[in-house]
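Participant: Structure file run12.csv (CSV, C-alpha atoms) is given on the next line.
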chain,number,residue,atom,x,y,z
A,1068,MET,CA,-113.2,-73.2,-21.4
A,1069,PRO,CA,-112.1,-69.8,-19.9
A,1070,ARG,CA,-108.5,-68.9,-20.1
A,1071,SER,CA,-106.3,-69.5,-17.0
A,1072,PRO,CA,-106.0,-66.3,-14.9
A,1073,ASN,CA,-102.2,-66.9,-15.0
A,1074,TYR,CA,-101.5,-67.7,-18.6
A,1075,ILE,CA,-98.2,-69.3,-19.4
A,1076,ILE,CA,-96.4,-68.6,-22.7
A,1077,ALA,CA,-93.4,-70.7,-23.6
A,1078,ILE,CA,-90.9,-69.5,-26.2
A,1079,SER,CA,-88.5,-72.0,-27.8
A,1080,SER,CA,-85.6,-71.7,-30.2
A,1081,VAL,CA,-82.1,-73.1,-30.7
A,1082,SER,CA,-79.2,-71.4,-28.8
A,1083,GLY,CA,-78.7,-68.0,-30.4
A,1084,GLY,CA,-82.2,-68.2,-31.9
A,1085,GLY,CA,-83.4,-65.1,-29.9
A,1086,LYS,CA,-85.6,-66.7,-27.3
A,1087,THR,CA,-84.2,-64.8,-24.3
A,1088,THR,CA,-84.7,-61.4,-25.9
A,1089,LEU,CA,-88.1,-62.3,-27.1
A,1090,VAL,CA,-89.2,-63.6,-23.7
A,1091,LYS,CA,-88.3,-60.2,-22.2
A,1092,ARG,CA,-89.9,-58.2,-25.0
A,1093,THR,CA,-93.1,-60.2,-25.0
A,1094,ALA,CA,-93.4,-59.9,-21.2
A,1095,ASP,CA,-92.9,-56.1,-21.5
A,1096,LEU,CA,-95.6,-55.9,-24.2
A,1097,LEU,CA,-98.1,-58.0,-22.2
A,1098,LYS,CA,-97.0,-56.5,-18.8
A,1099,GLY,CA,-96.1,-60.0,-17.7
A,1100,VAL,CA,-93.4,-61.7,-15.7
A,1101,THR,CA,-90.5,-63.9,-16.9
A,1102,LEU,CA,-88.8,-67.2,-16.1
A,1103,PHE,CA,-85.7,-68.6,-17.8
A,1104,PHE,CA,-84.7,-72.2,-18.4
A,1105,ASP,CA,-81.0,-71.5,-18.0
A,1106,ASP,CA,-81.5,-69.8,-14.6
A,1107,TYR,CA,-82.3,-73.2,-13.2
A,1108,ALA,CA,-79.2,-75.0,-14.6
A,1109,SER,CA,-77.6,-75.5,-11.2
A,1110,VAL,CA,-80.6,-77.4,-9.8
A,1111,SER,CA,-81.5,-79.3,-13.0
A,1112,GLU,CA,-80.3,-82.6,-14.5
A,1113,TYR,CA,-79.2,-82.9,-18.1
A,1114,PRO,CA,-77.9,-85.8,-20.2
A,1115,PRO,CA,-74.1,-86.0,-19.6
A,1116,ASP,CA,-73.3,-87.1,-23.2
A,1117,ILE,CA,-75.3,-85.1,-25.7
A,1118,LYS,CA,-74.0,-87.1,-28.7
A,1119,LYS,CA,-75.1,-90.4,-27.1
A,1120,TRP,CA,-78.4,-88.8,-26.1
A,1121,VAL,CA,-79.2,-87.9,-29.7
A,1122,GLU,CA,-78.0,-91.4,-30.9
A,1123,ASP,CA,-80.2,-93.1,-28.3
A,1124,GLY,CA,-83.4,-91.4,-29.6
A,1125,ALA,CA,-83.2,-88.0,-27.9
A,1126,ASP,CA,-85.7,-88.5,-25.0
A,1127,VAL,CA,-86.4,-84.9,-23.9
A,1128,ASN,CA,-87.6,-86.2,-20.5
A,1129,GLU,CA,-84.0,-86.8,-19.6
A,1130,TRP,CA,-83.7,-83.0,-19.3
A,1131,LYS,CA,-85.1,-82.7,-15.7
A,1132,THR,CA,-85.9,-79.3,-14.2
A,1133,PRO,CA,-88.0,-80.0,-11.1
A,1134,GLN,CA,-87.5,-76.6,-9.5
A,1135,PHE,CA,-88.4,-74.8,-12.7
A,1136,ALA,CA,-91.6,-76.8,-13.0
A,1137,GLN,CA,-92.4,-76.3,-9.3
A,1138,ASP,CA,-91.9,-72.5,-9.5
A,1139,LEU,CA,-94.0,-72.4,-12.7
A,1140,ALA,CA,-96.8,-74.3,-11.1
A,1141,ALA,CA,-96.8,-72.0,-8.1
A,1142,LEU,CA,-97.0,-68.9,-10.4
A,1143,ARG,CA,-99.8,-70.6,-12.3
A,1144,LYS,CA,-101.8,-71.0,-9.1
A,1145,GLY,CA,-101.3,-67.4,-8.2
A,1146,GLU,CA,-98.5,-67.9,-5.7
A,1147,GLY,CA,-95.2,-65.9,-5.5
A,1148,ILE,CA,-91.8,-67.5,-5.8
A,1149,VAL,CA,-88.2,-66.7,-5.2
A,1150,SER,CA,-85.8,-66.0,-8.1
A,1151,PRO,CA,-83.1,-68.8,-8.3
A,1152,ILE,CA,-80.6,-66.2,-9.4
A,1153,ASP,CA,-80.8,-63.4,-6.8
A,1154,GLY,CA,-83.4,-64.4,-4.3
A,1155,ALA,CA,-85.8,-61.6,-5.3
A,1156,SER,CA,-89.5,-62.1,-5.0
A,1157,ILE,CA,-91.4,-62.9,-8.3
A,1158,LEU,CA,-95.1,-62.4,-8.2
A,1159,PRO,CA,-97.6,-63.9,-10.6
A,1160,LYS,CA,-99.2,-61.8,-13.3
A,1161,GLU,CA,-101.8,-62.5,-16.0
A,1162,PHE,CA,-99.1,-63.5,-18.4
A,1163,ILE,CA,-96.1,-65.6,-17.4
A,1164,VAL,CA,-93.6,-65.7,-20.3
A,1165,ILE,CA,-90.9,-68.4,-20.1
A,1166,GLU,CA,-87.9,-69.7,-21.9
A,1167,GLU,CA,-88.4,-73.4,-22.6
A,1168,PRO,CA,-86.3,-74.8,-25.4
A,1169,MET,CA,-88.5,-77.9,-25.8
A,1170,GLY,CA,-91.9,-76.3,-25.8
A,1171,ARG,CA,-94.5,-78.6,-24.3
A,1172,GLU,CA,-92.6,-81.8,-25.2
A,1173,ARG,CA,-91.3,-82.5,-21.7
A,1174,ALA,CA,-93.8,-84.3,-19.5
A,1175,GLU,CA,-93.0,-82.3,-16.3
A,1176,MET,CA,-93.7,-79.0,-18.2
A,1177,ALA,CA,-96.5,-79.9,-20.6
A,1178,PRO,CA,-99.4,-79.6,-18.2
A,1179,LEU,CA,-98.3,-76.1,-17.1
A,1180,ILE,CA,-97.9,-74.4,-20.5
A,1181,ASP,CA,-100.9,-72.8,-22.3
A,1182,PHE,CA,-99.2,-71.5,-25.5
A,1183,VAL,CA,-95.9,-72.3,-27.3
A,1184,ALA,CA,-94.2,-70.2,-29.8
A,1185,VAL,CA,-91.1,-71.6,-31.6
A,1186,ILE,CA,-88.6,-69.2,-33.3
A,1187,ASP,CA,-87.5,-70.9,-36.5
A,1188,THR,CA,-84.0,-69.3,-36.9
A,1189,PRO,CA,-81.6,-70.6,-39.5
A,1190,LEU,CA,-78.8,-72.5,-37.8
A,1191,GLU,CA,-76.1,-70.4,-39.4
A,1192,ILE,CA,-77.7,-67.2,-38.1
A,1193,ALA,CA,-78.2,-68.7,-34.6
A,1194,LEU,CA,-74.5,-69.8,-34.5
A,1195,THR,CA,-73.3,-66.4,-35.6
A,1196,ARG,CA,-75.4,-64.6,-33.0
A,1197,ARG,CA,-74.2,-67.0,-30.3
A,1198,LEU,CA,-70.6,-66.4,-31.1
A,1199,LEU,CA,-71.1,-62.6,-31.3
A,1200,ARG,CA,-72.8,-62.7,-27.9
A,1201,ASP,CA,-70.1,-64.7,-26.3
A,1202,LEU,CA,-67.3,-62.6,-27.8
A,1203,ALA,CA,-69.0,-59.3,-27.0
A,1204,PRO,CA,-66.8,-58.5,-24.0
A,1205,VAL,CA,-63.8,-58.4,-26.4
A,1206,SER,CA,-64.0,-54.7,-27.3
A,1207,LEU,CA,-61.6,-52.6,-29.4
A,1208,GLU,CA,-61.1,-50.2,-26.4
A,1209,ASN,CA,-60.0,-53.1,-24.2
A,1210,ILE,CA,-57.6,-54.3,-26.9
A,1211,GLU,CA,-56.0,-50.9,-27.3
A,1212,LYS,CA,-55.4,-50.6,-23.6
A,1213,ALA,CA,-54.1,-54.1,-23.1
A,1214,SER,CA,-50.4,-55.0,-22.6
A,1215,LYS,CA,-48.7,-57.5,-24.8
A,1216,GLU,CA,-49.0,-60.1,-22.1
A,1217,GLN,CA,-52.7,-59.4,-21.8
A,1218,LEU,CA,-53.2,-59.5,-25.5
A,1219,ALA,CA,-51.4,-62.9,-25.7
A,1220,GLU,CA,-53.5,-64.3,-22.9
A,1221,GLY,CA,-56.7,-63.0,-24.4
A,1222,PHE,CA,-55.9,-64.4,-27.8
A,1223,VAL,CA,-55.3,-67.8,-26.3
A,1224,GLU,CA,-58.6,-67.6,-24.4
A,1225,ILE,CA,-60.5,-66.7,-27.5
A,1226,ILE,CA,-58.9,-69.4,-29.7
A,1227,THR,CA,-59.5,-72.0,-26.9
A,1228,TYR,CA,-63.1,-71.0,-26.6
A,1229,LEU,CA,-63.8,-71.0,-30.3
A,1230,GLU,CA,-62.1,-74.4,-30.9
A,1231,GLY,CA,-64.0,-75.9,-28.0
A,1232,TYR,CA,-67.4,-74.5,-28.8
A,1233,LEU,CA,-67.2,-75.1,-32.6
A,1234,SER,CA,-65.9,-78.6,-32.1
A,1235,GLY,CA,-68.7,-79.4,-29.8
A,1236,TYR,CA,-71.2,-77.8,-32.2
A,1237,LEU,CA,-70.0,-80.1,-35.0
A,1238,ASP,CA,-69.8,-83.2,-32.8
A,1239,ALA,CA,-73.2,-83.0,-31.2
A,1240,GLY,CA,-74.5,-79.5,-30.6
A,1241,ARG,CA,-76.0,-79.0,-34.1
A,1242,ASP,CA,-77.8,-82.3,-33.9
A,1243,LEU,CA,-79.2,-81.4,-30.5
A,1244,TYR,CA,-80.6,-78.1,-31.8
A,1245,ILE,CA,-82.2,-79.7,-34.8
A,1246,VAL,CA,-83.8,-82.5,-32.8
A,1247,VAL,CA,-85.1,-80.1,-30.0
A,1248,GLN,CA,-86.4,-77.5,-32.5
A,1249,GLU,CA,-88.3,-80.1,-34.6
A,1250,ARG,CA,-89.8,-81.7,-31.5
A,1251,ALA,CA,-91.0,-78.3,-30.1
A,1252,LYS,CA,-92.6,-77.5,-33.5
A,1253,GLU,CA,-94.7,-80.7,-33.4
A,1254,THR,CA,-96.9,-79.5,-30.6
A,1255,CYS,CA,-96.4,-75.7,-30.7
A,1256,ASP,CA,-99.2,-73.1,-31.4
A,1257,LEU,CA,-97.1,-70.7,-33.4
A,1258,VAL,CA,-94.0,-70.9,-35.6
A,1259,LEU,CA,-92.1,-67.6,-35.9
A,1260,ASP,CA,-89.7,-66.4,-38.6
A,1261,GLY,CA,-86.4,-65.9,-36.7
A,1262,CYS,CA,-85.2,-63.4,-39.3
A,1263,LEU,CA,-87.8,-60.9,-38.3
A,1264,SER,CA,-87.3,-58.2,-35.7
A,1265,VAL,CA,-88.0,-58.9,-32.0
A,1266,ASP,CA,-90.7,-56.3,-32.1
A,1267,GLU,CA,-92.5,-58.0,-34.9
A,1268,LEU,CA,-92.2,-61.4,-33.2
A,1269,SER,CA,-93.5,-60.1,-29.9
A,1270,GLN,CA,-96.5,-58.5,-31.6
A,1271,GLN,CA,-97.3,-61.7,-33.4
A,1272,ILE,CA,-97.3,-63.6,-30.1
A,1273,ALA,CA,-99.4,-61.0,-28.4
A,1274,ALA,CA,-101.9,-61.0,-31.2
A,1275,ALA,CA,-102.1,-64.9,-31.2
A,1276,VAL,CA,-102.5,-65.1,-27.4
A,1277,GLU,CA,-105.1,-62.3,-27.2
A,1278,GLY,CA,-107.1,-64.1,-29.8
A,1279,LYS,CA,-107.3,-67.3,-27.6
A,1280,PRO,CA,-110.4,-68.0,-25.6
Could you show the structure in this file as structure tokens?
Facilitator:
Amino acid sequence: MPRSPNYIIAISSVSGGGKTTLVKRTADLLKGVTLFFDDYASVSEYPPDIKKWVEDGADVNEWKTPQFAQDLAALRKGEGIVSPIDGASILPKEFIVIEEPMGRERAEMAPLIDFVAVIDTPLEIALTRRLLRDLAPVSLENIEKASKEQLAEGFVEIITYLEGYLSGYLDAGRDLYIVVQERAKETCDLVLDGCLSVDELSQQIAAAVEGKP
């Protein structure tokens, strides 16, 4: 069977696993176009209680992204779409590289995806990357220029964020990531070592995809 003229590559990983960066780098390498799962958050439906969701069997189809699926289907058919973020036009290209944490496990996405790569990143590395990313705006330059009142306010914000995120991670987030990653691996085409550089990973995906009929 010949390859689809608009070939969809899904990249999966846990939060902090590197999927957003790899989606962009892979699309650059293949001269493709990108779509991101998180960009559709405002028009999607997710389980309200992650801990209960995991305990109840972790049905990935409870993560519903109809607009994401609709836009992806349009690109696959060669039709243009409108970005959910800024309203810009997105035109189809030979390769459409998307961020989809669950690979082809969700029923509404599975028929649309041609190739799935899962980044297998150790959880402690992913957590560290996530925290560094979220705390990146806290620069030494800003701290040096801040007043005592601003420093105190910023300190409270950081502590509040860390306490909330890490508590949620221990309560349910870690279990969510483990379940989703293992599910995505079950039906993926390529498992990547998340400790490698993004250039190495994108080249591995390109080589694997270009070898497909």
Participant: State, in Å with one decimal place, the distance from atom CA of A:Thr1132 to atom CA of A:Pro1189.
Facilitator: 27.1 Å
Participant: Using all atoms listed in the file, determine which residues lie at most 12 Å from A:Ile1148, disregarding the query and same-chain residues fewer than 4 positions distant; provide the list as a list in words.
Facilitator: Val1100, Thr1101, Leu1102, Gln1134, Phe1135, Ala1136, Gln1137, Asp1138, Leu1139, Ala1140, Ala1141, Leu1142, Arg1143, Lys1144, Ile1152, Asp1153, Gly1154, Ala1155, Ser1156, Ile1157, Leu1158, Pro1159 and Lys1160 of chain A
Participant: Find the residues around A:Glu1191 up to 12 Å (all atoms listed in the file counted), leave out those fewer than 4 positions away in its own chain, and share them as a PDB file with C-alpha atoms, keeping the file's coordinate frame.
Facilitator:
ATOM      1  CA  VAL A1081     -82.100 -73.100 -30.700  1.00  0.00           C
ATOM      2  CA  SER A1082     -79.200 -71.400 -28.800  1.00  0.00           C
ATOM      3  CA  GLY A1083     -78.700 -68.000 -30.400  1.00  0.00           C
ATOM      4  CA  GLY A1084     -82.200 -68.200 -31.900  1.00  0.00           C
ATOM      5  CA  ASP A1187     -87.500 -70.900 -36.500  1.00  0.00           C
ATOM      6  CA  THR A1195     -73.300 -66.400 -35.600  1.00  0.00           C
ATOM      7  CA  ARG A1196     -75.400 -64.600 -33.000  1.00  0.00           C
ATOM      8  CA  ARG A1197     -74.200 -67.000 -30.300  1.00  0.00           C
ATOM      9  CA  LEU A1198     -70.600 -66.400 -31.100  1.00  0.00           C
ATOM     10  CA  TYR A1236     -71.200 -77.800 -32.200  1.00  0.00           C
ATOM     11  CA  ARG A1241     -76.000 -79.000 -34.100  1.00  0.00           C
ATOM     12  CA  TYR A1244     -80.600 -78.100 -31.800  1.00  0.00           C
ATOM     13  CA  GLY A1261     -86.400 -65.900 -36.700  1.00  0.00           C
ATOM     14  CA  CYS A1262     -85.200 -63.400 -39.300  1.00  0.00           C
TER      15      CYS A1262
END
Participant: Around (-89.2, -75.8, -25.8) in the file's frame, which residues reach within 8 Å when counting all atoms listed in the file? Return as an NGL selection string?
Facilitator: :A and (1077-1080 or 1166-1172 or 1183 or 1185 or 1247-1248 or 1251)
Participant: Under the rule that all atoms listed in the file are counted, which of A:Glu1211, A:Glu1220, A:Glu1161, A:Asp1238 is the nearest residue to A:Ile1075?
Facilitator: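 Looking only at the distances to A:Ile1075, the closest residue turns out to be A:Glu1161.
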Participant: Measuring between all atoms listed in the file, which one of A:Pro1133, A:Asp1123, A:Leu1097, A:Glu1230 shows the shortest distance to A:Ser1109?
Facilitator: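 Using all atoms listed in the file, the shortest distance to A:Ser1109 belongs to A:Pro1133.
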Participant: Grab the atom CA of A:Ile1076 to atom CA of A:Tyr1107 distance for me, in Å with one decimal place.
Facilitator: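 Atom CA of A:Tyr1107 lies 17.6 Å from atom CA of A:Ile1076.
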Participant: As an exercise, work out the distance from atom CA of A:Asn1209 to atom CA of A:Gly1235 in Å and give it to one decimal place.
Facilitator: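 Atom-to-atom, atom CA of A:Asn1209 and atom CA of A:Gly1235 are spaced 28.3 Å apart.
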Participant: Counting only C-alpha atoms, give me one row per residue of stretch 1140-1232 of chain A with an atom at most 12 Å from an atom of stretch 1269-1277 of chain A, showing the shortest contact pair and its distance in Å to one decimal, sorted by chain then residue number, as a tab-separated table.
Facilitator:
residue	atom	partner	partner_atom	distance
A:Glu1161	CA	A:Glu1277	CA	11.7
A:Phe1162	CA	A:Val1276	CA	9.8
A:Ile1163	CA	A:Val1276	CA	11.9
A:Val1164	CA	A:Ile1272	CA	10.7
A:Asp1181	CA	A:Val1276	CA	9.4
A:Phe1182	CA	A:Val1276	CA	7.4
A:Val1183	CA	A:Ile1272	CA	9.2
A:Ala1184	CA	A:Ile1272	CA	7.3
A:Val1185	CA	A:Ile1272	CA	10.2
A:Ile1186	CA	A:Ile1272	CA	10.8
Participant: Would you mind exporting the chosen residues as a compact mmCIF listing (two decimals), in the coordinates of the input, restricted to C-alpha atoms?
Facilitator:
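So part.txt came out as:
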# COMPACT_ATOMS: atom_id res chain seq x y z
CA GLU A 1161 -101.80 -62.50 -16.00
CA PHE A 1162 -99.10 -63.50 -18.40
CA ILE A 1163 -96.10 -65.60 -17.40
CA VAL A 1164 -93.60 -65.70 -20.30
CA ASP A 1181 -100.90 -72.80 -22.30
CA PHE A 1182 -99.20 -71.50 -25.50
CA VAL A 1183 -95.90 -72.30 -27.30
CA ALA A 1184 -94.20 -70.20 -29.80
CA VAL A 1185 -91.10 -71.60 -31.60
CA ILE A 1186 -88.60 -69.20 -33.30
Participant: Between A:Glu1249, A:Asp1106, A:Asp1126, A:Asp1242, single out the one closest to A:Ala1174, counting all atoms listed in the file.
Facilitator: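 Between A:Glu1249, A:Asp1106, A:Asp1126, A:Asp1242, the residue approaching A:Ala1174 most closely is A:Asp1126.
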Participant: Quick one: of A:Ile1245, A:Lys1091, A:Asn1073, A:Ser1264, who's nearest to A:Leu1190, counting only C-alpha atoms?
Facilitator: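 For A:Leu1190, the nearest of the given residues is A:Ile1245.
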Participant: Got a sec: who's within 10 Å of A:Ile1210, counting only C-alpha atoms, leaving out chain neighbours fewer than 6 positions off, as JSON, numbers by chain?
Facilitator: {"A": [1217, 1218, 1221]}
Participant: Which residues are close to A:Leu1243, i.e. within 8 Å by all atoms listed in the file, leaving aside same-chain residues fewer than 3 positions away? Reply as a list in words.
Facilitator: Ile1117, Lys1118, Val1121, Ala1239, Gly1240, Val1246 and Val1247 of chain A
